[in-house]
Structure formats: structure tokens, C-alpha cells
$ cat entry.cif   # mmCIF, C-alpha atoms
data_final
loop_
_atom_site.group_PDB
_atom_site.id
_atom_site.type_symbol
_atom_site.label_atom_id
_atom_site.label_comp_id
_atom_site.auth_asym_id
_atom_site.auth_seq_id
_atom_site.Cartn_x
_atom_site.Cartn_y
_atom_site.Cartn_z
ATOM 1 C CA MET A 1 59.132 -99.482 -170.795
ATOM 2 C CA THR A 2 56.009 -98.385 -169.032
ATOM 3 C CA LEU A 3 56.058 -96.334 -165.859
ATOM 4 C CA LEU A 4 54.743 -99.343 -163.930
ATOM 5 C CA SER A 5 57.586 -101.590 -165.068
ATOM 6 C CA GLN A 6 60.120 -98.841 -164.288
ATOM 7 C CA ILE A 7 58.700 -98.461 -160.768
ATOM 8 C CA LEU A 8 58.815 -102.216 -160.180
ATOM 9 C CA ILE A 9 62.385 -102.428 -161.488
ATOM 10 C CA GLY A 10 63.341 -99.539 -159.205
ATOM 11 C CA LEU A 11 61.766 -101.263 -156.192
ATOM 12 C CA ILE A 12 63.612 -104.497 -156.924
ATOM 13 C CA ALA A 13 66.864 -102.537 -157.266
ATOM 14 C CA ILE A 14 66.216 -100.871 -153.897
ATOM 15 C CA GLU A 15 65.566 -104.291 -152.349
ATOM 16 C CA HIS A 16 68.948 -105.488 -153.599
ATOM 17 C CA ILE A 17 70.713 -102.377 -152.346
ATOM 18 C CA TYR A 18 69.183 -103.126 -148.949
ATOM 19 C CA ILE A 19 70.382 -106.737 -149.141
ATOM 20 C CA LEU A 20 73.848 -105.436 -150.120
ATOM 21 C CA TRP A 21 73.876 -103.201 -147.053
ATOM 22 C CA ILE A 22 72.857 -106.023 -144.699
ATOM 23 C CA GLU A 23 75.327 -108.517 -146.120
ATOM 24 C CA MET A 24 78.281 -106.149 -146.504
ATOM 25 C CA PHE A 25 77.922 -103.754 -143.580
ATOM 26 C CA ALA A 26 75.420 -105.107 -141.043
ATOM 27 C CA TRP A 27 75.961 -108.859 -141.211
ATOM 28 C CA THR A 28 76.738 -109.335 -137.514
ATOM 29 C CA THR A 29 73.968 -106.991 -136.328
ATOM 30 C CA LEU A 30 70.929 -106.747 -138.618
ATOM 31 C CA GLY A 31 71.967 -109.937 -140.406
ATOM 32 C CA LYS A 32 71.283 -111.897 -137.227
ATOM 33 C CA LYS A 33 67.758 -110.491 -137.068
ATOM 34 C CA THR A 34 67.116 -111.039 -140.762
ATOM 35 C CA PHE A 35 68.605 -114.508 -141.248
ATOM 36 C CA LYS A 36 67.198 -116.208 -138.164
ATOM 37 C CA SER A 37 67.763 -119.723 -139.499
ATOM 38 C CA LEU A 38 71.546 -119.347 -139.104
ATOM 39 C CA PRO A 39 73.058 -120.067 -135.704
ATOM 40 C CA GLU A 40 74.318 -116.879 -134.045
ATOM 41 C CA GLU A 41 77.880 -118.167 -133.759
ATOM 42 C CA LEU A 42 78.187 -118.380 -137.570
ATOM 43 C CA PHE A 43 77.783 -114.679 -138.291
ATOM 44 C CA GLU A 44 81.262 -113.519 -137.313
ATOM 45 C CA PRO A 45 83.150 -116.269 -139.185
ATOM 46 C CA THR A 46 80.998 -115.806 -142.313
ATOM 47 C CA LYS A 47 81.373 -112.022 -142.622
ATOM 48 C CA ALA A 48 83.584 -112.257 -145.717
ATOM 49 C CA LEU A 49 81.247 -114.728 -147.417
ATOM 50 C CA ALA A 50 78.239 -112.531 -146.688
ATOM 51 C CA ALA A 51 80.060 -109.460 -147.992
ATOM 52 C CA ASN A 52 80.782 -111.314 -151.221
ATOM 53 C CA GLN A 53 77.089 -112.162 -151.562
ATOM 54 C CA GLY A 54 76.256 -108.535 -150.858
ATOM 55 C CA LEU A 55 78.542 -107.405 -153.635
ATOM 56 C CA TYR A 56 76.695 -109.640 -156.093
ATOM 57 C CA ASN A 57 73.399 -108.148 -154.951
ATOM 58 C CA GLY A 58 74.909 -104.745 -155.651
ATOM 59 C CA PHE A 59 75.733 -105.817 -159.194
ATOM 60 C CA LEU A 60 72.106 -106.866 -159.683
ATOM 61 C CA ALA A 61 70.888 -103.511 -158.374
ATOM 62 C CA ALA A 62 73.367 -101.625 -160.573
ATOM 63 C CA GLY A 63 72.213 -103.489 -163.668
ATOM 64 C CA LEU A 64 68.566 -102.840 -162.905
ATOM 65 C CA LEU A 65 69.214 -99.143 -162.306
ATOM 66 C CA TRP A 66 71.304 -98.994 -165.478
ATOM 67 C CA SER A 67 68.353 -100.371 -167.443
ATOM 68 C CA LEU A 68 66.308 -97.379 -166.288
ATOM 69 C CA VAL A 69 68.708 -94.806 -167.753
ATOM 70 C CA ILE A 70 69.409 -96.405 -171.131
ATOM 71 C CA ALA A 71 67.885 -94.145 -173.790
ATOM 72 C CA ASP A 72 67.263 -96.804 -176.429
ATOM 73 C CA PRO A 73 63.955 -98.535 -175.523
ATOM 74 C CA ILE A 74 64.961 -101.938 -176.914
ATOM 75 C CA TRP A 75 68.314 -102.000 -175.109
ATOM 76 C CA SER A 76 66.664 -100.714 -171.948
ATOM 77 C CA LYS A 77 64.061 -103.485 -171.999
ATOM 78 C CA ASN A 78 66.593 -106.193 -172.852
ATOM 79 C CA THR A 79 68.968 -105.062 -170.116
ATOM 80 C CA ALA A 80 66.127 -105.030 -167.604
ATOM 81 C CA LEU A 81 65.079 -108.508 -168.733
ATOM 82 C CA PHE A 82 68.603 -109.876 -168.312
ATOM 83 C CA PHE A 83 69.009 -108.544 -164.766
ATOM 84 C CA LEU A 84 65.458 -109.521 -163.768
ATOM 85 C CA LEU A 85 66.182 -113.061 -164.992
ATOM 86 C CA CYS A 86 69.365 -113.052 -162.882
ATOM 87 C CA VAL A 87 67.355 -111.959 -159.840
ATOM 88 C CA ALA A 88 64.717 -114.609 -160.540
ATOM 89 C CA ALA A 89 67.330 -117.346 -160.982
ATOM 90 C CA ALA A 90 69.046 -116.373 -157.732
ATOM 91 C CA GLY A 91 65.687 -116.271 -155.947
ATOM 92 C CA ILE A 92 64.612 -119.648 -157.288
ATOM 93 C CA TYR A 93 67.922 -121.230 -156.313
ATOM 94 C CA GLY A 94 67.811 -119.586 -152.881
ATOM 95 C CA GLY A 95 64.229 -120.748 -152.426
ATOM 96 C CA ILE A 96 65.244 -124.322 -153.158
ATOM 97 C CA SER A 97 68.584 -124.401 -151.348
ATOM 98 C CA ALA A 98 68.192 -122.035 -148.389
ATOM 99 C CA SER A 99 64.667 -120.846 -147.545
ATOM 100 C CA LYS A 100 61.348 -120.912 -149.361
ATOM 101 C CA SER A 101 60.772 -117.305 -148.334
ATOM 102 C CA ILE A 102 63.598 -116.229 -150.667
ATOM 103 C CA PHE A 103 61.502 -117.357 -153.615
ATOM 104 C CA PHE A 104 58.622 -115.123 -152.524
ATOM 105 C CA LYS A 105 60.785 -112.142 -151.582
ATOM 106 C CA GLN A 106 63.180 -112.208 -154.531
ATOM 107 C CA ALA A 107 62.135 -114.462 -157.423
ATOM 108 C CA LEU A 108 58.396 -113.797 -157.462
ATOM 109 C CA PRO A 109 58.680 -109.983 -157.709
ATOM 110 C CA ALA A 110 61.224 -110.364 -160.531
ATOM 111 C CA LEU A 111 59.025 -112.847 -162.407
ATOM 112 C CA PHE A 112 55.995 -110.589 -161.950
ATOM 113 C CA THR A 113 57.982 -107.619 -163.270
ATOM 114 C CA ILE A 114 59.096 -109.627 -166.304
ATOM 115 C CA ILE A 115 55.448 -110.325 -167.084
ATOM 116 C CA ILE A 116 54.552 -106.643 -166.666
ATOM 117 C CA LEU A 117 57.559 -105.657 -168.802
ATOM 118 C CA TYR A 118 56.281 -107.730 -171.715
ATOM 119 C CA LEU A 119 52.502 -107.533 -171.354
ATOM 120 C CA ILE A 120 51.988 -103.824 -170.814
#
$ encode --input "entry.cif" --output "C-alpha cells"
Amino acid sequence: MTLLSQILIGLIAIEHIYILWIEMFAWTTLGKKTFKSLPEELFEPTKALAANQGLYNGFLAAGLLWSLVIADPIWSKNTALFFLLCVAAAGIYGGISASKSIFFKQALPALFTIIILYLI
């Protein structure tokens, strides 16, 4: 992998660690400011659901970070591709089902990184 693709993968992993933190630990505080389309009264009763979503975002971040430390270049690239495709799929689904901004914040960076991963 090139340095550029590694940096992009790292940034996407950091984004998902941040999402994990919001959804697992700051759902009723920062979550309200971040997810403005949800009515305020839903945050407390949906804490467990949000924490579950946060955990999944953590798995995505872990997989992306794992891809950066795999010594074999083919396995590293394939692992990165798998987790980037997972991020893109989640972002596309979220963009369709929840908010179009999710596509631009989550899926588009992953798709761009996939292109960089294979073109450079």
C-alpha cells in the first residue's frame, strides 16, 4: 500500500473511533448535537441501540487499523479492501435510509480510498 492509502485508511479508522465514542459514551450529550434529526426525547431510550451501533463502528476501525500492521502486502491490501467495502456499504445504506449526509461523510471517503488503494 502507498503512504497515501495508508493515511486515508488511518483517517477513516479515526472517524469510526470518533463515531464509536459518540454512540457508546456520549449519546445523550454530543449525540444530540450530532444527530439533530432525532427528537431529543429519543436519546435516553435509545442509548443501548446507539452503543451497539458504536461497537460495530469500532469493529470497522479495528479492521482498518489491522490492515495497516499486516506485514504481507497482499493480505494488507485485501484486508483494507474488505473493511473499506464494509464502511462504504454501511455509508450507502445510511445515506439511503437515514440521512444523505452519511453517504458523503462515510461512504464517499471509503470509495475514494478504494480507488486510491488500487490505482496508485
$ resolve_selection --input "entry.cif" --expression "the PyMOL selection byres ((chain A and resi 6-11) around 8)" --output "count of residues only"
14
$ closest_residue --input "entry.cif" --among "A:Lys105, A:Glu41, A:Ile17, A:Leu117" --to "Phe82 (chain A)" --atoms "all atoms listed in the file"
A:Leu117
$ atom_distance --input "entry.cif" --atom1 "CA of Glu44 (chain A)" --atom2 "CA of Thr28 (chain A)"
6.2 Å
$ resolve_selection --input "entry.cif" --expression "the PyMOL selection byres ((chain A and resi 47) around 8)" --output "VMD selection string"
chain A and resid 23 to 24 27 to 28 43 to 46 48 to 51
$ closest_residue --input "entry.cif" --among "A:Trp75, A:Phe103, A:Tyr93, A:Phe83" --to "Phe59 (chain A)" --atoms "all atoms listed in the file"
A:Phe83
$ axis_aligned_box --input "entry.cif" --around "region 74-86 of chain A" --padding-each-side "5 Å" --output "JSON"
{"center_x": 66.7, "center_y": -106.9, "center_z": -169.9, "size_x": 15.3, "size_y": 22.3, "size_z": 24.0}
$ atom_distance --input "entry.cif" --atom1 "CA of Leu55 (chain A)" --atom2 "CA of Pro73 (chain A)"
27.8 Å
$ closest_residue --input "entry.cif" --among "A:Ile92, A:Ala98, A:Ile74, A:Leu81" --to "Ile115 (chain A)" --atoms "all atoms listed in the file"
A:Leu81
$ residues_around --input "entry.cif" --residues "Phe104 (chain A)" --least-positions-apart "5" --cutoff "12 Å" --atoms "all atoms listed in the file" --output "VMD selection string"
chain A and resid 87 to 88 90 to 96 99 109 to 112
$ write_last_selection --input "entry.cif" --atoms "C-alpha atoms" --output "mmCIF file, in the coordinates of the input"
data_model
loop_
_atom_site.group_PDB
_atom_site.id
_atom_site.type_symbol
_atom_site.label_atom_id
_atom_site.label_comp_id
_atom_site.auth_asym_id
_atom_site.auth_seq_id
_atom_site.Cartn_x
_atom_site.Cartn_y
_atom_site.Cartn_z
ATOM 1 C CA VAL A 87 67.355 -111.959 -159.840
ATOM 2 C CA ALA A 88 64.717 -114.609 -160.540
ATOM 3 C CA ALA A 90 69.046 -116.373 -157.732
ATOM 4 C CA GLY A 91 65.687 -116.271 -155.947
ATOM 5 C CA ILE A 92 64.612 -119.648 -157.288
ATOM 6 C CA TYR A 93 67.922 -121.230 -156.313
ATOM 7 C CA GLY A 94 67.811 -119.586 -152.881
ATOM 8 C CA GLY A 95 64.229 -120.748 -152.426
ATOM 9 C CA ILE A 96 65.244 -124.322 -153.158
ATOM 10 C CA SER A 99 64.667 -120.846 -147.545
ATOM 11 C CA PRO A 109 58.680 -109.983 -157.709
ATOM 12 C CA ALA A 110 61.224 -110.364 -160.531
ATOM 13 C CA LEU A 111 59.025 -112.847 -162.407
ATOM 14 C CA PHE A 112 55.995 -110.589 -161.950
#
